[in-house]
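Raw protein.cif, mmCIF, C-alpha atoms and all ligand atoms:
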```cif
data_entry
loop_
_atom_site.label_atom_id
_atom_site.label_comp_id
_atom_site.auth_asym_id
_atom_site.auth_seq_id
_atom_site.Cartn_x
_atom_site.Cartn_y
_atom_site.Cartn_z
CA MET A 134 -16.54 -0.11 -99.51
CA SER A 135 -15.16 2.72 -97.44
CA ASN A 136 -14.75 3.76 -93.86
CA PRO A 137 -17.59 5.38 -91.88
CA GLN A 138 -15.41 8.49 -91.83
CA ASP A 139 -15.68 8.69 -95.63
CA ALA A 140 -19.40 9.40 -95.52
CA SER A 141 -18.88 12.61 -97.49
CA GLN A 142 -17.79 10.61 -100.56
CA PRO A 143 -20.36 10.22 -103.33
CA PRO A 144 -22.15 6.91 -102.85
CA ASP A 145 -22.68 4.33 -105.52
CA HIS A 146 -26.42 3.86 -104.89
CA VAL A 147 -26.21 1.69 -101.81
CA GLY A 148 -22.64 1.66 -100.63
CA ALA A 149 -21.62 -0.39 -97.66
CA ALA A 150 -19.05 1.11 -95.40
CA PHE A 151 -18.08 -1.76 -93.20
CA GLY A 152 -15.22 -0.65 -91.01
CA ALA A 153 -15.63 -1.56 -87.39
CA ALA A 154 -14.68 -4.85 -85.88
CA ALA A 155 -17.56 -7.08 -84.89
CA GLY A 156 -17.73 -9.71 -82.21
CA ASP A 157 -17.04 -13.28 -83.03
CA ILE A 158 -20.30 -15.04 -82.44
CA ALA A 159 -18.99 -18.32 -83.75
CA ARG A 160 -18.30 -19.33 -80.19
CA ARG A 161 -21.98 -19.71 -79.51
CA ALA A 162 -22.97 -23.29 -78.95
CA SER A 163 -24.57 -24.60 -82.09
CA THR A 164 -27.29 -26.98 -82.90
CA SER A 165 -27.01 -28.91 -86.13
CA ARG A 166 -28.01 -26.90 -89.19
CA SER A 167 -31.30 -27.71 -90.72
CA ILE A 168 -33.33 -25.95 -93.34
CA ALA A 169 -36.57 -24.52 -92.08
CA ARG A 170 -39.31 -25.89 -94.25
CA ILE A 171 -41.43 -22.89 -94.91
CA VAL A 172 -44.04 -23.43 -97.54
CA GLU A 173 -44.77 -20.26 -99.47
CA PRO A 174 -48.50 -20.04 -100.20
CA TYR A 175 -47.92 -17.55 -103.03
CA ALA A 176 -44.93 -16.09 -104.86
CA LEU A 177 -44.74 -12.51 -106.05
CA THR A 178 -44.07 -11.71 -109.68
CA ARG A 179 -41.04 -9.72 -110.68
CA ARG A 180 -43.26 -6.67 -111.26
CA ALA A 181 -44.78 -6.98 -107.78
CA LEU A 182 -41.28 -7.18 -106.28
CA GLU A 183 -40.26 -4.03 -108.10
CA ASP A 184 -43.40 -2.26 -106.85
CA ARG A 185 -42.27 -3.14 -103.32
CA ARG A 186 -38.80 -1.74 -104.04
CA MET A 187 -37.34 -5.19 -103.51
CA ILE A 188 -34.24 -6.67 -105.04
CA HIS A 189 -34.68 -10.01 -106.77
CA PRO A 190 -32.26 -12.55 -108.20
CA GLU A 191 -33.02 -11.72 -111.86
CA GLU A 192 -32.81 -7.98 -111.36
CA SER A 193 -31.79 -6.34 -114.63
CA ALA A 194 -30.07 -3.42 -112.91
CA ARG A 195 -27.98 -5.62 -110.65
CA LYS A 196 -26.31 -2.78 -108.79
CA HIS A 197 -28.69 -2.87 -105.85
CA ALA A 198 -28.77 -6.66 -105.61
CA ASP A 199 -24.99 -6.82 -105.73
CA ALA A 200 -24.62 -4.15 -103.03
CA PHE A 201 -26.88 -6.12 -100.68
CA ARG A 202 -25.10 -9.37 -101.50
CA GLU A 203 -21.85 -7.66 -100.58
CA ILE A 204 -23.21 -6.64 -97.18
CA ARG A 205 -24.52 -10.18 -96.72
CA THR A 206 -21.08 -11.63 -97.47
CA SER A 207 -19.45 -9.24 -95.02
CA LEU A 208 -21.89 -10.16 -92.23
CA LEU A 209 -21.57 -13.89 -92.91
CA ALA A 210 -17.79 -13.59 -92.72
CA ARG A 211 -18.14 -12.07 -89.26
CA GLY A 212 -20.89 -14.37 -88.07
CA GLY A 213 -19.14 -17.64 -88.76
CA ASP A 214 -21.25 -20.75 -89.10
CA HIS A 215 -24.13 -19.65 -86.92
CA ASN A 216 -27.29 -17.71 -87.59
CA PHE A 217 -27.33 -14.20 -86.19
CA ILE A 218 -29.46 -11.17 -85.41
CA VAL A 219 -28.87 -7.84 -87.12
CA MET A 220 -30.39 -4.49 -86.24
CA VAL A 221 -30.64 -2.05 -89.14
CA ALA A 222 -31.41 1.54 -88.13
CA PRO A 223 -31.25 4.90 -89.91
CA ILE A 224 -29.21 7.65 -88.26
CA SER A 225 -31.75 10.34 -89.23
CA PRO A 226 -35.41 9.57 -89.95
CA ARG A 227 -36.42 8.80 -93.55
CA SER A 228 -32.92 7.79 -94.62
CA GLY A 229 -33.85 4.38 -96.00
CA GLY A 230 -33.29 2.25 -92.90
CA SER A 231 -36.37 0.12 -93.58
CA PHE A 232 -35.47 -0.14 -97.26
CA VAL A 233 -32.04 -1.50 -96.35
CA ALA A 234 -33.40 -3.85 -93.64
CA ARG A 235 -35.97 -5.32 -96.04
CA ASN A 236 -33.56 -5.82 -98.91
CA LEU A 237 -30.79 -7.17 -96.72
CA ALA A 238 -33.24 -9.74 -95.35
CA ALA A 239 -34.21 -10.59 -98.95
CA ALA A 240 -30.55 -11.03 -99.91
CA PHE A 241 -30.23 -13.67 -97.17
CA ALA A 242 -33.45 -15.34 -98.35
CA PHE A 243 -32.02 -15.63 -101.90
CA ASP A 244 -29.82 -18.38 -100.50
CA GLU A 245 -31.91 -21.55 -100.52
CA ALA A 246 -30.09 -22.83 -97.46
CA LYS A 247 -31.17 -19.84 -95.36
CA THR A 248 -34.36 -18.20 -94.21
CA ALA A 249 -34.80 -14.61 -93.13
CA LEU A 250 -37.17 -13.02 -90.67
CA LEU A 251 -37.72 -9.28 -90.77
CA ILE A 252 -39.16 -7.75 -87.58
CA ASP A 253 -40.55 -4.24 -87.75
CA CYS A 254 -39.36 -2.62 -84.53
CA ASN A 255 -40.22 0.93 -85.52
CA LEU A 256 -43.24 1.21 -83.25
CA ARG A 257 -43.87 4.89 -83.85
CA ASN A 258 -43.55 4.74 -87.60
CA PRO A 259 -44.01 1.16 -88.82
CA SER A 260 -43.68 0.72 -92.58
CA GLN A 261 -42.79 -2.85 -93.54
CA HIS A 262 -46.36 -4.19 -93.68
CA LYS A 263 -47.30 -1.33 -96.03
CA GLU A 264 -44.21 -1.64 -98.22
CA LEU A 265 -44.59 -5.41 -98.47
CA ASP A 266 -48.38 -5.19 -98.74
CA VAL A 267 -48.85 -7.67 -95.93
CA GLU A 268 -52.14 -7.95 -94.06
CA ALA A 269 -51.71 -8.62 -90.38
CA PRO A 270 -55.16 -9.43 -89.05
CA ASP A 271 -53.77 -10.80 -85.80
CA GLY A 272 -51.50 -7.83 -85.10
CA GLY A 273 -47.77 -7.98 -84.68
CA LEU A 274 -44.86 -7.59 -82.30
CA ILE A 275 -46.56 -5.27 -79.79
CA ASP A 276 -49.70 -7.40 -79.68
CA TYR A 277 -47.60 -10.48 -78.96
CA LEU A 278 -45.53 -8.72 -76.28
CA GLU A 279 -48.70 -7.55 -74.56
CA HIS A 280 -50.48 -10.89 -74.97
CA PRO A 281 -48.00 -13.76 -75.46
CA SER A 282 -50.90 -16.19 -75.37
CA LEU A 283 -51.58 -14.98 -78.93
CA GLY A 284 -48.79 -17.31 -80.07
CA VAL A 285 -45.82 -16.48 -82.28
CA GLU A 286 -47.20 -18.31 -85.32
CA LYS A 287 -50.06 -15.78 -85.50
CA ILE A 288 -47.71 -12.86 -86.09
CA LEU A 289 -45.32 -14.56 -88.55
CA CYS A 290 -46.56 -13.32 -91.92
CA HIS A 291 -45.75 -14.59 -95.39
CA THR A 292 -44.39 -11.96 -97.76
CA GLY A 293 -44.63 -13.69 -101.13
CA ILE A 294 -40.84 -13.86 -101.21
CA PRO A 295 -39.59 -17.40 -100.69
CA ARG A 296 -38.01 -17.92 -97.29
CA LEU A 297 -38.68 -14.33 -96.12
CA ARG A 298 -41.21 -13.76 -93.37
CA LEU A 299 -42.29 -10.59 -91.60
CA ILE A 300 -43.35 -9.81 -88.07
CA PRO A 301 -45.16 -6.47 -88.43
CA SER A 302 -44.98 -4.02 -85.55
CA GLY A 303 -48.66 -4.26 -84.72
CA HIS A 304 -50.42 -1.46 -82.90
CA LYS A 305 -48.60 1.86 -82.89
CA ARG A 306 -46.77 2.96 -79.75
CA GLU A 307 -44.95 6.20 -79.08
CA MET A 308 -41.98 4.66 -77.31
CA GLY A 309 -40.39 1.27 -77.72
CA GLY A 310 -37.73 1.31 -75.01
CA GLU A 311 -39.79 -0.38 -72.34
CA TYR A 312 -40.85 -3.13 -74.74
CA PHE A 313 -37.35 -3.67 -76.14
CA SER A 314 -35.80 -4.01 -72.70
CA SER A 315 -38.47 -6.40 -71.49
CA PHE A 316 -37.93 -10.02 -70.63
CA ARG A 317 -40.60 -11.02 -73.14
CA MET A 318 -38.84 -9.31 -76.02
CA ARG A 319 -35.53 -11.01 -75.25
CA ALA A 320 -37.25 -14.37 -74.84
CA LEU A 321 -39.06 -13.92 -78.17
CA ILE A 322 -35.88 -13.00 -80.07
CA ASP A 323 -33.92 -15.86 -78.50
CA SER A 324 -36.59 -18.41 -79.33
CA LEU A 325 -36.96 -17.13 -82.92
CA ARG A 326 -33.22 -17.50 -83.39
CA SER A 327 -32.81 -20.90 -81.79
CA ARG A 328 -35.85 -22.62 -83.29
CA TYR A 329 -34.31 -22.77 -86.77
CA PRO A 330 -30.51 -22.63 -86.96
CA ASP A 331 -30.70 -21.41 -90.57
CA ARG A 332 -32.92 -18.44 -89.70
CA TYR A 333 -31.35 -14.97 -89.81
CA LEU A 334 -33.17 -12.17 -87.98
CA PHE A 335 -33.32 -8.55 -89.11
CA LEU A 336 -34.69 -5.95 -86.72
CA ASP A 337 -35.84 -2.79 -88.50
CA GLY A 338 -35.12 -0.14 -85.91
CA PRO A 339 -36.19 3.46 -85.40
CA ALA A 340 -33.90 6.42 -86.18
CA VAL A 341 -30.95 6.74 -83.85
CA LYS A 342 -31.25 10.53 -83.69
CA GLY A 343 -33.63 11.79 -81.05
CA SER A 344 -34.52 8.53 -79.30
CA PRO A 345 -32.66 5.94 -77.20
CA ASP A 346 -34.78 3.10 -78.66
CA ALA A 347 -32.33 1.97 -81.37
CA ARG A 348 -29.55 1.76 -78.80
CA ILE A 349 -31.76 -0.21 -76.40
CA LEU A 350 -32.70 -2.55 -79.25
CA SER A 351 -29.03 -3.07 -80.09
CA ASP A 352 -28.56 -4.88 -76.76
CA LEU A 353 -30.55 -7.77 -78.25
CA VAL A 354 -28.54 -8.24 -81.43
CA ASP A 355 -25.22 -9.57 -82.68
CA PHE A 356 -24.62 -6.90 -85.30
CA VAL A 357 -25.64 -3.31 -85.91
CA VAL A 358 -25.88 -1.79 -89.40
CA LEU A 359 -26.55 1.95 -89.50
CA VAL A 360 -27.92 3.75 -92.54
CA THR A 361 -27.23 7.31 -93.55
CA GLY A 362 -29.06 9.01 -96.37
CA SER A 363 -26.57 10.44 -98.83
CA GLY A 364 -25.91 14.04 -97.76
CA ARG A 365 -28.24 13.79 -94.76
CA ASP A 366 -25.76 13.54 -91.91
CA THR A 367 -22.39 15.24 -91.61
CA PRO A 368 -19.35 12.98 -91.11
CA SER A 369 -19.01 14.28 -87.55
CA ALA A 370 -22.70 13.54 -86.81
CA ILE A 371 -22.21 10.02 -88.21
CA ASN A 372 -19.16 9.50 -86.02
CA LYS A 373 -20.99 10.80 -82.96
CA HIS A 374 -23.92 8.42 -83.45
CA VAL A 375 -21.70 5.47 -84.38
CA ALA A 376 -19.85 6.00 -81.09
CA GLY A 377 -23.10 5.36 -79.19
CA PHE A 378 -23.00 1.65 -80.14
CA ASP A 379 -20.89 -1.21 -78.90
CA PRO A 380 -17.94 -1.25 -81.33
CA ALA A 381 -17.86 -5.05 -81.17
CA LYS A 382 -21.35 -5.13 -82.71
CA LEU A 383 -21.05 -2.35 -85.24
CA ALA A 384 -20.76 -3.99 -88.65
CA GLY A 385 -20.79 -0.77 -90.64
CA VAL A 386 -22.64 2.20 -92.08
CA VAL A 387 -24.58 1.96 -95.34
CA ILE A 388 -24.69 5.13 -97.42
CA ASN A 389 -28.07 5.11 -99.12
CA GLU A 390 -28.93 7.28 -102.07
CA ILE A 391 -32.59 8.10 -101.58
CA PRO A 392 -34.25 8.59 -104.99
N1 LIG B 401 -32.25 3.39 -102.31
C1 LIG B 401 -33.59 3.45 -102.42
N2 LIG B 401 -34.19 3.09 -103.58
C2 LIG B 401 -35.54 3.16 -103.72
N3 LIG B 401 -36.39 3.57 -102.75
C3 LIG B 401 -35.85 3.94 -101.57
C4 LIG B 401 -34.43 3.89 -101.35
N4 LIG B 401 -34.20 4.32 -100.08
C5 LIG B 401 -35.40 4.61 -99.55
N5 LIG B 401 -36.39 4.39 -100.43
C6 LIG B 401 -37.81 4.65 -100.20
O1 LIG B 401 -37.92 5.89 -99.49
C7 LIG B 401 -38.93 5.83 -98.49
C8 LIG B 401 -38.32 6.11 -97.10
O2 LIG B 401 -37.42 5.05 -96.80
P1 LIG B 401 -37.53 4.18 -95.48
O3 LIG B 401 -38.92 4.03 -95.00
O4 LIG B 401 -36.75 2.93 -95.74
O5 LIG B 401 -36.73 5.15 -94.50
P2 LIG B 401 -36.50 4.97 -92.92
O6 LIG B 401 -35.13 5.50 -92.64
O7 LIG B 401 -36.80 3.59 -92.51
O8 LIG B 401 -37.60 5.99 -92.34
P3 LIG B 401 -38.24 6.03 -90.86
O9 LIG B 401 -37.46 7.08 -90.13
O10 LIG B 401 -39.66 6.44 -91.12
O11 LIG B 401 -38.11 4.68 -90.24
C9 LIG B 401 -39.56 4.46 -98.60
O12 LIG B 401 -40.70 4.53 -99.41
C10 LIG B 401 -38.48 3.62 -99.28
O13 LIG B 401 -38.98 2.50 -99.97
MG MG B 402 -38.04 2.83 -91.06
#
```
Any chance you could put this one into structure tokens?
Ligand SMILES: Nc1ncnc2c1ncn2[C@@H]1O[C@H](COP(=O)(O)OP(=O)(O)OP(=O)(O)O)[C@@H](O)[C@H]1O
Ligand SMILES: [Mg+2]
Amino acid sequence: MSNPQDASQPPDHVGAAFGAAAGDIARRASTSRSIARIVEPYALTRRALEDRRMIHPEESARKHADAFREIRTSLLARGGDHNFIVMVAPISPRSGGSFVARNLAAAFAFDEAKTALLIDCNLRNPSQHKELDVEAPDGGLIDYLEHPSLGVEKILCHTGIPRLRLIPSGHKREMGGEYFSSFRMRALIDSLRSRYPDRYLFLDGPAVKGSPDARILSDLVDFVVLVTGSGRDTPSAINKHVAGFDPAKLAGVVINEIP
């Protein structure tokens, strides 16, 4: 653990730099906790998980799994007793933002009392359905936002990882801002959060650099986790981009060593 300012330090694979204060969302009115009963139609083997670059509880090289558990612990300490929504976004493109979002969601799903929902919000460059090898015959987020009559259940895909589901992005779009600021998007996120009090939401966002979309998306979430590829962004660039987010939401910056 280090401060976002220490981004020049050599990372230890995935190092979490959780410095900024985050808002106390424990004040939110709660419903009683219940475990969402999601029946997994199939479960991936350990080999299949490794092919998807996913952490798993029996991981032999535990470094990655432990790093994600640490970030989970830090977020849970800030979130109190209530489920929350996290946006994970890379500062520069191809820094491992989606890798971190996917594995952080999996780390929450390790806990049998929690479920995790990963939503691919990178409309220009969606990757989660490919990485997780998920077929989405009925489309995804964009299709739902354009045609809510489709129904949310249609776009909630099983991943083969117990308690982890994916909403793929659906049809490609150049810009996401107008979708992310729409009433439908907010209503969808709110209903996904409130339906199951043990469900944690992870929005996989587009790169912060060069587009306002990640910042617009951050209006919908409780916490923001930014990802910098080791050596990709200078400390001053990291600070500049960090400053673009509400400090009450910024949970930290993950330094990711891209292989
Ligand atoms: N620490 C890591 N260990 C193993 N593979 C990684 C790691 N970080 C990234 N990758 C892999 O590198 C590739 C690029 O990462 P990823 O797609 O997560 O980046 P991104 O920041 O989301 O990019 P984009 O700007 O396209 O959204 C992916 O295939 C991902 O699985
Ligand atoms: Mg990505």
Return as a PDB file with C-alpha atoms, in the frame of the given file every polymer residue, whether protein, DNA or RNA, with at least one atom no more than 8 Å from an atom of ligand MG 402 (chain B); count all atoms listed in the file.
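Written out: pocket24.pdb:
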```pdb
ATOM      1  CA  ALA A 222     -31.410   1.540 -88.130  1.00  0.00           C
ATOM      2  CA  PRO A 223     -31.250   4.900 -89.910  1.00  0.00           C
ATOM      3  CA  PRO A 226     -35.410   9.570 -89.950  1.00  0.00           C
ATOM      4  CA  ARG A 227     -36.420   8.800 -93.550  1.00  0.00           C
ATOM      5  CA  SER A 228     -32.920   7.790 -94.620  1.00  0.00           C
ATOM      6  CA  GLY A 229     -33.850   4.380 -96.000  1.00  0.00           C
ATOM      7  CA  GLY A 230     -33.290   2.250 -92.900  1.00  0.00           C
ATOM      8  CA  SER A 231     -36.370   0.120 -93.580  1.00  0.00           C
ATOM      9  CA  PHE A 232     -35.470  -0.140 -97.260  1.00  0.00           C
ATOM     10  CA  ASN A 255     -40.220   0.930 -85.520  1.00  0.00           C
ATOM     11  CA  ASN A 258     -43.550   4.740 -87.600  1.00  0.00           C
ATOM     12  CA  PRO A 259     -44.010   1.160 -88.820  1.00  0.00           C
ATOM     13  CA  SER A 260     -43.680   0.720 -92.580  1.00  0.00           C
ATOM     14  CA  GLN A 261     -42.790  -2.850 -93.540  1.00  0.00           C
ATOM     15  CA  ASP A 337     -35.840  -2.790 -88.500  1.00  0.00           C
ATOM     16  CA  GLY A 338     -35.120  -0.140 -85.910  1.00  0.00           C
ATOM     17  CA  PRO A 339     -36.190   3.460 -85.400  1.00  0.00           C
ATOM     18  CA  ALA A 340     -33.900   6.420 -86.180  1.00  0.00           C
TER      19      ALA A 340
END
```
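Put simply, atom CA of A:His189 is 19.8 Å away from atom O7 of ligand LIG 401 (chain B).
Once A:Cys290 and its same-chain neighbours fewer than 3 positions away are set aside, Val267, Ala269, Lys287, Arg298, Leu299, Ile300 and Pro301 of chain A remain within 8 Å of it when counting only C-alpha atoms.
One finds atom CA of A:Leu350 at 25.2 Å from atom CA of A:Ala200.
Take atom CA of A:Phe201 and atom CA of A:Thr361: the distance between them is 15.2 Å.
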May I have the residues within 12 Å of A:Asp323 as a short mmCIF file (atom, residue, chain, number, x, y, z; two decimals) with C-alpha atoms, keeping the file's coordinate frame, using all atoms listed in the file and disregarding those fewer than 2 positions away in the same chain?
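Okay, selection.cif is ready:
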```
data_model
loop_
_atom_site.label_atom_id
_atom_site.label_comp_id
_atom_site.auth_asym_id
_atom_site.auth_seq_id
_atom_site.Cartn_x
_atom_site.Cartn_y
_atom_site.Cartn_z
CA ASN A 216 -27.29 -17.71 -87.59
CA PHE A 217 -27.33 -14.20 -86.19
CA ILE A 218 -29.46 -11.17 -85.41
CA PHE A 316 -37.93 -10.02 -70.63
CA ARG A 317 -40.60 -11.02 -73.14
CA MET A 318 -38.84 -9.31 -76.02
CA ARG A 319 -35.53 -11.01 -75.25
CA ALA A 320 -37.25 -14.37 -74.84
CA LEU A 321 -39.06 -13.92 -78.17
CA LEU A 325 -36.96 -17.13 -82.92
CA ARG A 326 -33.22 -17.50 -83.39
CA SER A 327 -32.81 -20.90 -81.79
CA ARG A 328 -35.85 -22.62 -83.29
CA TYR A 329 -34.31 -22.77 -86.77
CA PRO A 330 -30.51 -22.63 -86.96
CA ARG A 332 -32.92 -18.44 -89.70
CA TYR A 333 -31.35 -14.97 -89.81
CA LEU A 334 -33.17 -12.17 -87.98
CA LEU A 353 -30.55 -7.77 -78.25
CA VAL A 354 -28.54 -8.24 -81.43
CA ASP A 355 -25.22 -9.57 -82.68
#
```
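Minimum atom-to-atom distances from A:Ile188, A:Leu278, A:Ile224, A:Ile294 to A:Tyr312 were compared using all atoms listed in the file, and the lowest value belongs to A:Leu278.
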